[in-house]
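Engineer: Sending over a structure as structure tokens; questions will come in a sec.
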Amino acid sequence: MDFSKFNIGFGITGSFCTFAKARKEVERLCEMGANVIPIFSFQAQTCDTRFGSAKEYVEGICEITGNEGIRTISAAEPIGPNNFLDIMVIAPCTGNTAAKLCNGITDTPVLMATKAHMRNGKPLVIAISTNDALGANFKNIGMLMNMKQIYFVPFGQDNHKSKPNSMIAKMEMLPETIEYAMEGKQIQPIIQTPV
């Protein structure tokens, strides 16, 4: 796949356990020629966890992409009127972000970037990562699947014994999902065997 003509907004929200996988996909998209503009939620920018330092993660992503990244709501808003993204990705997309997205809440840089981008009628790709996908967030995921221009990276249960409601995206399928989404198609099957 040649993504050399694509400007991809890459929103990263606070599913810290999937940060390494998201970073790998950022690297792959850049290797495929995409101009990746990282957009960080407040949690992704500030929360140090057992998975690593927020500062190091953010700086690493910016270094890979060669772009400073969007870190505030006010910096994300011009994405709409300037219309410079071809596609927006949220990877990982937490249950919290999915719930806010389907209810029109724009209180983080990633959500504002998404709203601003989608006003131009362009596609959004979601790589879900939530412990509550088959719980309270099930309805939110269903609502998002029925909205125009929203496409999902295939996902499945990641630990059905210990976390039966938890589902995460198959991040390695992100480039292919983007390719389909740019053609207005949802890659299938969406629900896959455990990841």
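The chains in the structure tokens are called A, B, ... from first to last as shown; in each chain the residues are counted from 1, and the ligands are counted from 1 in the order shown.
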Find the residues near Met112 in chain A: any atom within 12 Å, counting only C-alpha atoms, skip ones fewer than 6 places away on the same chain, and give them as a PDB file with N, CA and C atoms, in the first residue's frame.
Structural biologist:
```
ATOM      1  N   GLY A   9      -4.664  12.025  10.321  1.00  0.00           N
ATOM      2  CA  GLY A   9      -4.722  12.442  11.716  1.00  0.00           C
ATOM      3  C   GLY A   9      -4.767  11.191  12.574  1.00  0.00           C
ATOM      4  N   GLY A  11      -5.271  10.013  16.251  1.00  0.00           N
ATOM      5  CA  GLY A  11      -5.648  10.311  17.624  1.00  0.00           C
ATOM      6  C   GLY A  11      -5.296   9.168  18.558  1.00  0.00           C
ATOM      7  N   ILE A  39      -2.277  13.272  17.367  1.00  0.00           N
ATOM      8  CA  ILE A  39      -3.173  14.081  18.196  1.00  0.00           C
ATOM      9  C   ILE A  39      -3.344  13.319  19.501  1.00  0.00           C
ATOM     10  N   PHE A  40      -3.039  13.978  20.606  1.00  0.00           N
ATOM     11  CA  PHE A  40      -2.994  13.294  21.901  1.00  0.00           C
ATOM     12  C   PHE A  40      -4.109  13.751  22.828  1.00  0.00           C
ATOM     13  N   SER A  41      -4.782  12.785  23.457  1.00  0.00           N
ATOM     14  CA  SER A  41      -5.733  13.135  24.511  1.00  0.00           C
ATOM     15  C   SER A  41      -4.936  13.661  25.701  1.00  0.00           C
ATOM     16  N   ILE A  70      -0.696  17.517  17.856  1.00  0.00           N
ATOM     17  CA  ILE A  70      -1.738  18.408  18.375  1.00  0.00           C
ATOM     18  C   ILE A  70      -2.047  17.986  19.797  1.00  0.00           C
ATOM     19  N   ARG A  71      -1.981  18.965  20.715  1.00  0.00           N
ATOM     20  CA  ARG A  71      -2.096  18.645  22.142  1.00  0.00           C
ATOM     21  C   ARG A  71      -3.170  19.428  22.880  1.00  0.00           C
ATOM     22  N   THR A  72      -3.842  20.334  22.184  1.00  0.00           N
ATOM     23  CA  THR A  72      -4.878  21.138  22.835  1.00  0.00           C
ATOM     24  C   THR A  72      -6.138  21.150  21.970  1.00  0.00           C
ATOM     25  N   ILE A  73      -7.251  21.485  22.604  1.00  0.00           N
ATOM     26  CA  ILE A  73      -8.517  21.589  21.878  1.00  0.00           C
ATOM     27  C   ILE A  73      -8.448  22.721  20.865  1.00  0.00           C
ATOM     28  N   SER A  74      -7.878  23.856  21.262  1.00  0.00           N
ATOM     29  CA  SER A  74      -7.809  24.998  20.345  1.00  0.00           C
ATOM     30  C   SER A  74      -6.916  24.710  19.138  1.00  0.00           C
ATOM     31  N   ALA A  75      -5.881  23.897  19.310  1.00  0.00           N
ATOM     32  CA  ALA A  75      -5.018  23.540  18.179  1.00  0.00           C
ATOM     33  C   ALA A  75      -5.701  22.543  17.243  1.00  0.00           C
ATOM     34  N   ALA A  76      -6.661  21.777  17.762  1.00  0.00           N
ATOM     35  CA  ALA A  76      -7.371  20.783  16.951  1.00  0.00           C
ATOM     36  C   ALA A  76      -8.488  21.397  16.117  1.00  0.00           C
ATOM     37  N   GLU A  77      -9.075  22.468  16.578  1.00  0.00           N
ATOM     38  CA  GLU A  77     -10.248  23.058  15.909  1.00  0.00           C
ATOM     39  C   GLU A  77      -9.993  23.450  14.451  1.00  0.00           C
ATOM     40  N   PRO A  78      -8.827  24.012  14.086  1.00  0.00           N
ATOM     41  CA  PRO A  78      -8.605  24.415  12.682  1.00  0.00           C
ATOM     42  C   PRO A  78      -8.574  23.264  11.675  1.00  0.00           C
ATOM     43  N   ILE A  79      -8.552  22.031  12.146  1.00  0.00           N
ATOM     44  CA  ILE A  79      -8.601  20.888  11.224  1.00  0.00           C
ATOM     45  C   ILE A  79      -9.833  20.985  10.332  1.00  0.00           C
ATOM     46  N   GLY A  80     -10.942  21.474  10.880  1.00  0.00           N
ATOM     47  CA  GLY A  80     -12.174  21.596  10.097  1.00  0.00           C
ATOM     48  C   GLY A  80     -12.062  22.617   8.984  1.00  0.00           C
ATOM     49  N   MET A  88      -9.071  10.404   9.442  1.00  0.00           N
ATOM     50  CA  MET A  88      -8.761  10.501  10.864  1.00  0.00           C
ATOM     51  C   MET A  88      -8.824   9.100  11.445  1.00  0.00           C
ATOM     52  N   ILE A  90      -8.531   6.979  15.253  1.00  0.00           N
ATOM     53  CA  ILE A  90      -8.396   6.988  16.713  1.00  0.00           C
ATOM     54  C   ILE A  90      -7.935   5.591  17.100  1.00  0.00           C
ATOM     55  N   THR A  97     -13.843   7.527  25.154  1.00  0.00           N
ATOM     56  CA  THR A  97     -13.830   8.329  23.926  1.00  0.00           C
ATOM     57  C   THR A  97     -14.974   7.920  23.004  1.00  0.00           C
ATOM     58  N   LYS A 100     -18.234   9.394  24.328  1.00  0.00           N
ATOM     59  CA  LYS A 100     -18.322  10.837  24.074  1.00  0.00           C
ATOM     60  C   LYS A 100     -18.537  11.121  22.596  1.00  0.00           C
ATOM     61  N   LEU A 101     -17.862  10.373  21.753  1.00  0.00           N
ATOM     62  CA  LEU A 101     -17.982  10.576  20.311  1.00  0.00           C
ATOM     63  C   LEU A 101     -19.415  10.378  19.838  1.00  0.00           C
ATOM     64  N   GLY A 104     -21.609  13.364  20.864  1.00  0.00           N
ATOM     65  CA  GLY A 104     -21.263  14.713  20.420  1.00  0.00           C
ATOM     66  C   GLY A 104     -20.474  15.534  21.417  1.00  0.00           C
ATOM     67  N   ILE A 105     -19.751  14.891  22.314  1.00  0.00           N
ATOM     68  CA  ILE A 105     -18.952  15.606  23.315  1.00  0.00           C
ATOM     69  C   ILE A 105     -17.540  15.799  22.764  1.00  0.00           C
ATOM     70  N   THR A 106     -17.041  17.040  22.848  1.00  0.00           N
ATOM     71  CA  THR A 106     -15.716  17.357  22.288  1.00  0.00           C
ATOM     72  C   THR A 106     -14.848  18.037  23.345  1.00  0.00           C
ATOM     73  N   MET A 118     -14.592  15.429  10.639  1.00  0.00           N
ATOM     74  CA  MET A 118     -15.799  14.806  10.101  1.00  0.00           C
ATOM     75  C   MET A 118     -16.794  15.805   9.528  1.00  0.00           C
ATOM     76  N   ARG A 119     -16.683  17.043   9.917  1.00  0.00           N
ATOM     77  CA  ARG A 119     -17.586  18.047   9.338  1.00  0.00           C
ATOM     78  C   ARG A 119     -17.337  18.201   7.839  1.00  0.00           C
TER      79      ARG A 119
END
```
Engineer: What residues in range 90-180 of chain A get the DSSP label alpha helix (DSSP H)? Please answer as a PyMOL selection string.
Structural biologist: chain A and resi 95-102+109-118+138-145+174-180
Engineer: May I have the selected residues written with C-alpha atoms, as a CSV table (one decimal), in the first residue's frame?
Structural biologist:
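out-v1.csv, freshly written:
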```
chain,number,residue,atom,x,y,z
A,95,GLY,CA,-14.7,3.3,25.7
A,96,ASN,CA,-14.8,6.7,27.3
A,97,THR,CA,-13.8,8.3,23.9
A,98,ALA,CA,-16.3,6.2,22.0
A,99,ALA,CA,-19.1,7.1,24.4
A,100,LYS,CA,-18.3,10.8,24.1
A,101,LEU,CA,-18.0,10.6,20.3
A,102,CYS,CA,-21.4,9.1,19.8
A,109,PRO,CA,-8.0,17.3,21.6
A,110,VAL,CA,-8.8,14.0,19.9
A,111,LEU,CA,-12.5,14.5,20.0
A,112,MET,CA,-12.3,18.1,18.7
A,113,ALA,CA,-10.0,16.9,15.9
A,114,THR,CA,-12.5,14.2,15.0
A,115,LYS,CA,-15.4,16.5,15.0
A,116,ALA,CA,-13.5,19.1,13.0
A,117,HIS,CA,-12.4,16.5,10.5
A,118,MET,CA,-15.8,14.8,10.1
A,138,PHE,CA,-21.8,-2.1,23.7
A,139,LYS,CA,-24.6,0.4,22.7
A,140,ASN,CA,-22.1,3.1,22.0
A,141,ILE,CA,-20.1,0.9,19.6
A,142,GLY,CA,-23.4,-0.1,17.9
A,143,MET,CA,-24.4,3.6,17.5
A,144,LEU,CA,-21.0,4.4,16.0
A,145,MET,CA,-21.2,1.5,13.6
A,174,LEU,CA,-5.1,-0.7,10.6
A,175,PRO,CA,-3.5,0.1,7.2
A,176,GLU,CA,-5.8,-2.3,5.4
A,177,THR,CA,-8.8,-0.8,7.3
A,178,ILE,CA,-7.7,2.7,6.2
A,179,GLU,CA,-7.4,1.6,2.6
A,180,TYR,CA,-11.0,0.3,2.7
```
Engineer: Which value, in Å to one decimal, gives the distance between CA of Pro92 in chain A and CA of Met1 in chain A?
Structural biologist: 21.8 Å
Engineer: How many Å lie between CA of Phe10 in chain A and CA of Gln149 in chain A, rounded to one decimal?
Structural biologist: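 It comes out at 16.1 Å.
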Engineer: Among the residues of range 85-172 of chain A, find those DSSP assigns to strand (DSSP E or B) from the backbone and print them as a PyMOL selection string.
Structural biologist: chain A and resi 87-93+124-130+150-152+155-157+167-169
Engineer: Give me the residues near Ala91 in chain A as a PyMOL selection string, where near means some atom within 7 Å (using only C-alpha atoms) and where sequence neighbours in that chain fewer than 5 positions away do not count.
Structural biologist: chain A and resi 11-12+22+126-127
Engineer: Quick check, in Å to one decimal: how far apart do CA of Pro123 in chain A and CA of Ile168 in chain A lie?
Structural biologist: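 Here the two named atoms are 20.4 Å from each other.
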Engineer: Let me make sure I understand: among A:Glu172, A:Ile187, A:Ser166, A:Gly135, which one has the smallest atom-to-atom distance to Lys24 in chain A if we use only C-alpha atoms?
Structural biologist: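 Ranked by minimum distance to Lys24 in chain A, first place goes to A:Glu172.
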